[in-house]
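Undergrad: For reference, the structure I am asking about is given below.
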Amino acid sequence: MYGSQVARFAISILSVVLAFNLIPPSISQSAPKTESKPGAAPQIDFKKAIQPIFVKHCQDCHGPDAREGGLRLTNRKNILMRNDSGEPAIVAGKSDASILMHRVSSQDEKEQMPPADTGERLSKQEIQILKQWIDQGAIWPTDSDAPGHWAYTSPVKSPPPTMNGSPQVNNPIDAFVVDQLQRNTKSLSQAPEAEPARLLRRVSLDLIGLPPTTEAVRAFEKNPSPEAYEKIVDSLLKSPRYGEKWARPWLDMARYADSNGFQADQLRKMWLYRDWVINSLNQDLPFDQFSIQQIAGDLLPQPTIDQKIATGFHRCTTCNVEAGVDPEENRVNQIFDRVNTTGLVWLGTTFECAQCHNHKYDPFSQQDYYQIFAFFNNTPLEVKQLGKSVTFDFTGANFSLPLKAKEKKTREELTSQKVAVQKKMKTREKELQKGFPQWEETMLAMLENSEESAKVPAPIQKILRTKTKKRTDKQSKQLTSLQQKQDPSYADLQKEQNRILKELKALEPDTTLVMVEMDQPRMNNIFKRGDFLNKGASVKPQTPDALHPLKTQGQPNRLSFAKWLVAKENPLVARVTVNRWWAQFFGHGIVATLEDFGSQGDAPTHPELLDWLAVDFMEHNWSMKHIHKTIVMSATYQQSSKVTPELLEADPYNQLYTRGPRLRLSAESIRDNALAISGLLSTKMGGPPVYPPQPKGLWRHVGRNAPKYLTSTSEDRYRRGVYVIWRRSAPYPSFTNFDAPDRGACVINRSRTNTPLQALTLLNDPAYIEIAIGLARRLATTEQPANLTDRDRVAYAFRLCLARKPKTEEVNHLTKVFQQELKYFQDHPQAAQKLISAEHRPEGVGASRMAAWLYIANILLNLDETITKG
Amino acid sequence: MNDHLQQLLNYTRREFFQRAGMGVGGAALTALLSDSLGAATPSSNNSMAVQKSHFPPKAKNVIFLHMVGAPSHLDLYDAKPKLQELDGQLVPDKLWEGLRLAFIREQPKLMGSPFAFKQQGEAGIPISELMPHLGSVSDELCMIHSLKTEHFNHAPAQLFFQTGFSRFGRPSLGSWVNYGLGSENSNLPGFVVLITGNVAGAGNSLWGSGFLPSIYQGVEFRSQGDPVLFLSNPKGMTGEDRKRIIDSVNHLNKVQLADVGDPEIATRINQYEMAYRMQSAVPDLMDISDEPKHIHEQYGTQPGKASFANNCLLARRLVERGVRFVQLFDQGWDHHGNLVKSIKNKCKQVDQPIAALIRDLKQRGLLDDTLVVWGAEFGRTPMVQGDRKTPGRDHHKDAYTVWMAGGGVKRGFAYGKTDDIGFNVAENPMHVNDFHATLLHLLGMDHERLTFKFQGLDMRVTGVAGNVVPEIIA
C-alpha cells in the first residue's frame, strides 16, 4: 500500500531544485535567525501550529516509523536533509523554494501530498501557516529524535490571557475560553448566566447526581448571589452523595462488577472495593494516593485495611472459570487486561497494539509492553482446578475484613456455645445409639398397624424391613437421623445448634478480592504475536523510554510503577484525569478522545486551559474536589444552555463553550433522579449489592450454579444505581438501554444515544411505574402549602421534576390533561382500580384521582428535560 | 412556533449530515436520521436510513443460526470413512504431542461417527442421517469444512465467533452490519436476537454493541413475557391511554424544544413516536397464528410455544420486514458425553425448521438477498471423551464445519477439506477472521474499510487480519 507513494515523492521539480542547490548546508542546518519586521506575521509556534499538521497529515508515511521517499518529519535535521529525490523537502526561510510547499498545495494527482487515497489534504489555513513557518526559518525547537508529541511534554501553567471588553470572568477557565472565543472570527460571545433554578439543578445533578429540593430552589431563587451559589457548591461537595455520583464513571473504568464474566458467570464479593471508591472520593483522597493504593496498596509499608481493599481495582478483571479452561491462559489474559486498562486510565494511551507488535503511531514498542506486563506478572493464578476433574473454580487472594471488638466477642461466645451444644448432642447421640434396637422394635411394631404405619414414610418403611446387615450405610444413617428427630431433647439441641450457626454466619467477616505479590517472581518474556505459548526474549520490569524515567531504589516493582504513574513528571496523568472530569461536566473533553492522548487522538481545543487545569490539579495536592469546584464556579459552566440555529451553525458541538452544557443523564442518574423526585429514594450507603425489580427470566444463562435474582423487598429496592447488582452476562436491563456497558472491559466514555427502547423503558418498565406511583402519591397528598388546587399540584410537580417554575402554557396543558383523565376515571372507576391497586392508594385519595396523578407522573418522568441536565 | 420548530427539525437533519461527514460513523447517523426524522418530516424518504455499501452487495440481510455449545461436525457434515476404520485406536502420537484440549487429559482413542452419511441432491453433498430435512435442501448449501478458530473454551470462542475478539468490549457482527448499512425498517430494530434455551456462556455481550453507539446493539425478542422488554403498557393502561400520554410528553417536549433549541429534543420526540409504533409492530410480528397451515406444517411451529422452529419462522418474518440481521441462538449442543442420544435429540429440534426456513425464503424470493449462516463457536474432536458406553467428543478449534446458504454464495458447494480423521485442515483453511471478512463482503462491505475510531485506532471486526474467500461467492 505504501509502495505507490515512494515514486510520487521522488518526482523532482527541476526549477525548484536548480534554484536551491546553491544554499550552503551549513546555513540551512544551523539555528535560523528570525527576523522581526514591523507588521510581520506573528512567530509561528512549532509545537502548537506545525507539529499537529505533520502528525495529522504526514506522519503515517513520514513519521518515526516510516520514511517514504526518504523523508522523515521528525526533527530539523531530517527535514532539511536531501531525501530520495536528492533534494531537501524544506529550505529554511524560502517557502517558495521548498518542495514540500509545492506538493501540499499541488492539484496534480500525481504530485499532491498527502496522496488522494491516503490522507486528508491540508486546509488553506494550514498551508498558509506552514508557509509562514518556513519563511520564518523553519524553527524546530529540539533536535532530538523524540517524537515531541504535545502530550509527552510536561504541562506548563501559562498566565490567563487578558481580554477585550468586560466578559464575565470568574476564574482562569473563563479567561482561556473567552480568549478563544474572541479570537474566533465570528466574534461569538458568552451566553448569559442560566436561570437560578436551572443552574441549581445542573450543579446538583453534576456534583451529587440528585436534584435539589424544591425548598433549596426557592431559597436560591430569592438570593441567587455568587456567594449563595458558592455555599451551595461547598455543601454539595461535602455531601456523601458526591462520592456515590462520581464513583460511577470510575467503576466503569475499573470494570467493576459483582460477577466473574464468561460462562460460569457466578457472583463474586467485590463490593468492599466499590465502597472504598465511594468513601475515597468523599474524603477527596488525593488522586496520586488514590491511584497508588489501587495499583499497589498491598505493597505499601504496613498497608492499612483500606489500602488492601483498594487493590480490588485490578481484581475487577473478568475471570473465566468455565470447565476445561486453561488457568495460565486465563491469567495471561487478565494481565493483558490490567496493562491495557492501566494505559487507558492513567496515561490515556492504547497499549493494546503493542501486545503483538510495535505501536504503529505512538512511541511504545512490544518490549515496552512486556516490561510493563512484568510489573503485574507476580500475582497468583486466579483459577484453580478442583481435584483432578475438569471443573475449575475461582480462587485468588480474598481479604477478610477484621471484625469489630464487640462482634469478635460475640463470635467467641457463640463458638463456645456451639462447642457446648455439640458436646451435649454427642452424649445424647450415644444414649440414643444404645436405645436403637428398642426404637427399631417399636417402629417395626408400628408397621404392623396399618393406621400407624401410614405415619412412617414409605422409604423408611422399606429400610426398616431390610435386615440390619443388609442395610447400606446411607440407609442406616437415615434411620439414625429419624430416631434423633423423634427424640425431643435431641431435637431441642439441634434447634439450639441451628440458631447458633445462623448467628455465627451473620457474623462472618465480609470479604473482597485483593492483589497480593508472590514471593517468587515469575520469569518475564515477550509473547510473540501476543501468544502466551510463544515466548520470545526475556524482559525485566521497566517503564517506556518515551516517558519520564522510573525512579526507584532496588528492584522495581508494582509499587514503584504506581508511583511512576502519578509522578509530577508524568506529562499525561494530570491532563488525562482533568480532561475526563471536564467531559463529565461539558459532555466532551478539551481533548475529545478521552481515551487517546497519542498522536492519533484529537488535539486539545484549548491547550492552555487543559495545561492550566492539569498543573492546578497537581498544585492543589491532586484534589478532585478542588478541580470540580473550579469548573462549576466558572462562568463558562454557569452559562445558559439555550441554543439558537445560528449558534448551532457557528459552534455545533459547543467546543467553543458558547453555551452551558445540556446532556442526557447517565443510566444510573436517570433512575436516581426519578427515585428522588418520587420521594422513594433510600440514601442508605454501602454494603452488598441490591436487587431492584427487573422482569423475570433475564438471568437464564448457561453454566453451573446459576445465581437467582432475588428482588429486594426492603428499602434496598430504592437505593442508588451504584449499588445495583452488576452481573456481567446480564446487567440491569434499564441501565443497558441507557448505554451502560457490560463492565467486561474498561470503558472510559459511555456512548449517549437516543433510542425508542429508552422511551419504552421510561414509559413501561415496572420499576419506573413503581416510581411513577410514588410520585403520584406525593402529588396527591402534598399539603405544603395548605389548600392546594389541582393546578397548584401540577405546578409543584413541574418543580419537583425540573426545579424551574413552569411556563403558564405547560401548567395549562398538564392541568387540562389531569382534569380530562380524572373525569375519565371518575366515569370508569374500574379502570382506575385496575390501574392502581388499593395498597398503592394513600388514605383519603380515591382511585380515580390517583390514576389521574399516575398519568401525570408518567408524563413528567418521561420528559426530555427530566432526564437531561440542562 | 411551528416555523421555528420546523427549522430546528430541519437543522437536526443537516447536523446529522455534518456529523456523518465528519466520520462519526456514517450509517450510525443515517440510522438515527431515519428514526428521528422519519416521523417529524413525513416527506423524508425512509431509504435515507440505508447507508450505501462499499460495493454492490450480494446479500441484504443475514439470518445467523448459532448452535450454542458447538455440535460435532464429524457427526453432521464432515464424513470421514477413515476415522470409522480407525475407530477405537489411540490418536496418533504426533497429533497428541503438545496438544491442548479442554477436557481430555489422557491420550484418547479415535471415534468414528456412529451415524450414516448420504450424498444428497444434484451436487451430492454428504449429510448425516441426523439431518434428513436439511439433506433435502442440500443443493442450496455452501459447506465450509475448514473453519479454524483460536479458542477452545465456550465463552471466549463464542465472543471470538460473534465479535472477532475473545474478550469483552467489542461490537458483535450484527452491530457492525447495522452500523455499516443502517436499517430498512423504522418500526423495528435492525438487529434482532431470538433465543431457545439458556443464554450462551458469554451472555448478552454476544449481541452487544461494544464501543459502537448502543443503538446498534441487538434487541432480544423474547418468546415469554414481553416480546421486547418494556413493550407492554402497565396493567390497566390501554393503547389509547398510552397514545394520549405520549402525545402529551411530545407536546411538552416541543414546548421545551422551542425554548432551548437543542436538536436532541427533536430526536427524543421522534423516538417516542417510534416506540409507540413498535408497540403494535412487534406483537404483530411475533404473532405467527396468521400464518397458513402449510407453513406451520413445514416448520413444525405451534403459535404461542417457545421453540427453535418458531424462531426460524420469526426470522423469516423479520427479514421480510427489512430487519437487517437476525441472530438465533440455540442452546444444548455441548456433547461431552452421551453424544448419540443427545445430538439425535437436538437435530430433531432444528433439522426440519432450518430446512423449512431455506425453502420458505426461496419460495418467497428472499433467499437471493438473505444470507443464512449455520455455525458454532468451534467443532468437536475426532477423539472420544468419556467411556465407550456413553461416548462424547471434546471441544476442537483446529477444524470444523459451518455452512451458508443464499445471499450470493455458491449453491451445492463444498469449500475446504480436513484430513482423513477430521482433525486438521488439509485444504483451503478459513480462519474466523476470513469468515467475517467474507460475510461482510457478501453484504457489500470491505472489512478493511468498515472501521470505527476507538482508542486511537481504526477498529475492525477482523482486527488486523482477515481475507475474503472469493471461492465461495457465486
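By convention in this document, the chains of the C-alpha cells carry letters A, B, ... by their order, each chain's residues are numbered from 1, and ligands are numbered from 1 in the order they are shown.
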Give me the residues of chain A that have any atom at most 7 Å from an atom of chain B; for each, the nearest atom pair and the distance in Å, rounded to one decimal. Use only C-alpha atoms, sort by chain and number, and format it as CSV.
TA:
```
residue,atom,partner,partner_atom,distance
A:Phe262,CA,B:Ala202,CA,4.7
A:Gln263,CA,B:Gly201,CA,3.7
A:Gly324,CA,B:Ala102,CA,4.1
A:Val325,CA,B:Asn153,CA,6.1
A:Thr350,CA,B:Gln455,CA,5.9
A:Val390,CA,B:Phe103,CA,5.8
A:Glu595,CA,B:Gln455,CA,5.5
A:Asp596,CA,B:Gln455,CA,5.3
A:Gln600,CA,B:Gly456,CA,5.1
A:Gly601,CA,B:Gly456,CA,5.4
A:Lys642,CA,B:Val260,CA,4.2
A:Val643,CA,B:Gly261,CA,5.2
A:Thr644,CA,B:Gly261,CA,6.0
A:Pro645,CA,B:Leu8,CA,6.9
A:Arg700,CA,B:Asn198,CA,5.2
A:His701,CA,B:Val199,CA,4.4
A:Val702,CA,B:Gly201,CA,5.2
A:Gly703,CA,B:Gly201,CA,6.7
A:Ser729,CA,B:Gly203,CA,4.1
A:Ala730,CA,B:Asn204,CA,5.9
A:Asp739,CA,B:Ser214,CA,5.8
A:Asp742,CA,B:Ser205,CA,7.0
A:Gly744,CA,B:Phe168,CA,5.0
A:Ala745,CA,B:Gly169,CA,5.6
A:Ser751,CA,B:Pro213,CA,5.4
A:Thr753,CA,B:Ile215,CA,6.4
A:Asn754,CA,B:Arg268,CA,6.4
A:Thr755,CA,B:Gln271,CA,5.7
A:Pro756,CA,B:Gln271,CA,4.6
A:Leu757,CA,B:Ala275,CA,6.8
A:Ala759,CA,B:Tyr272,CA,5.6
A:Leu760,CA,B:Phe230,CA,5.6
A:Thr761,CA,B:Phe230,CA,5.6
A:Asn764,CA,B:Phe230,CA,5.2
A:Asp765,CA,B:Phe230,CA,5.1
A:Glu810,CA,B:Leu252,CA,6.7
A:Ala831,CA,B:Gly236,CA,6.4
A:Lys834,CA,B:Gly236,CA,5.2
A:Leu835,CA,B:Gly236,CA,4.4
A:Ile859,CA,B:Val249,CA,5.5
A:Asn862,CA,B:Val249,CA,6.7
A:Leu863,CA,B:Val249,CA,5.9
A:Asp864,CA,B:Asn253,CA,6.3
```
Undergrad: Please list as a list in words every residue within 10 Å of B:Arg317, counting only C-alpha atoms and excluding residues in the same chain fewer than 3 positions away.
TA: Leu285, Met286, Ile288, Asn311, Cys312, Leu313, Leu314, Glu320, Arg321, Gly322, Val323 and Leu361 of chain B
Undergrad: Give the helix (DSSP H, G or I) residues of stretch 294-404 of chain B, as DSSP finds them on the backbone, and put them as a count of residues only.
TA: 47
Undergrad: Residues at most 9 Å from B:Lys52, counting only C-alpha atoms, excluding those fewer than 3 positions away in the same chain, as a PDB file with C-alpha atoms, in the first residue's frame?
TA:
```pdb
ATOM      1  CA  ALA B  27     -24.663   4.767   8.952  1.00  0.00           C
ATOM      2  CA  PHE B  55     -19.750  -2.042  -3.438  1.00  0.00           C
ATOM      3  CA  PRO B  56     -22.911  -3.691  -4.741  1.00  0.00           C
ATOM      4  CA  GLY B 180     -22.344  -0.159   8.210  1.00  0.00           C
ATOM      5  CA  LEU B 181     -25.633  -0.499   6.405  1.00  0.00           C
ATOM      6  CA  GLY B 182     -28.338   1.086   8.542  1.00  0.00           C
ATOM      7  CA  GLY B 444     -21.199  -5.231   0.097  1.00  0.00           C
TER       8      GLY B 444
END
```
Undergrad: Could you pull out all residues of stretch 60-184 of chain B with a DSSP call of strand (DSSP E) and give them as a PyMOL selection string?
TA: chain B and resi 61-68+117-120+125-128+141-148
Undergrad: Separation of atom CA of A:His357 and atom CA of A:Asn377, in Å?
TA: 19.6 Å
Undergrad: Tell me, as a ChimeraX atom specification, which residues lie within 10 Å of A:Leu665, counting only C-alpha atoms; anything in the same chain fewer than 3 positions away does not count.
TA: /A:205-206,209,662,668-671,673,738,752,865-870
Undergrad: I need the residues from that last selection saved to file as a PDB file, in the first residue's frame (with C-alpha atoms), if you can.
TA:
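Saved as result01.pdb:
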```pdb
ATOM      1  CA  LEU A 205     -27.088  16.738  39.252  1.00  0.00           C
ATOM      2  CA  ASP A 206     -23.455  17.201  38.283  1.00  0.00           C
ATOM      3  CA  GLY A 209     -26.317  13.099  40.830  1.00  0.00           C
ATOM      4  CA  ARG A 662     -27.102  20.282  28.112  1.00  0.00           C
ATOM      5  CA  GLU A 668     -27.915   5.365  36.908  1.00  0.00           C
ATOM      6  CA  SER A 669     -28.576   9.078  37.298  1.00  0.00           C
ATOM      7  CA  ILE A 670     -31.857   8.841  35.408  1.00  0.00           C
ATOM      8  CA  ARG A 671     -33.055   6.266  37.915  1.00  0.00           C
ATOM      9  CA  ASN A 673     -33.169  11.306  39.877  1.00  0.00           C
ATOM     10  CA  PHE A 738     -29.400   3.826  28.562  1.00  0.00           C
ATOM     11  CA  ARG A 752     -25.013   8.716  24.763  1.00  0.00           C
ATOM     12  CA  GLU A 865     -35.909  17.760  30.392  1.00  0.00           C
ATOM     13  CA  THR A 866     -36.419  15.376  33.330  1.00  0.00           C
ATOM     14  CA  ILE A 867     -33.706  13.034  32.104  1.00  0.00           C
ATOM     15  CA  THR A 868     -31.446  15.856  31.000  1.00  0.00           C
ATOM     16  CA  LYS A 869     -29.074  18.101  32.826  1.00  0.00           C
ATOM     17  CA  GLY A 870     -29.530  21.471  31.182  1.00  0.00           C
TER      18      GLY A 870
END
```
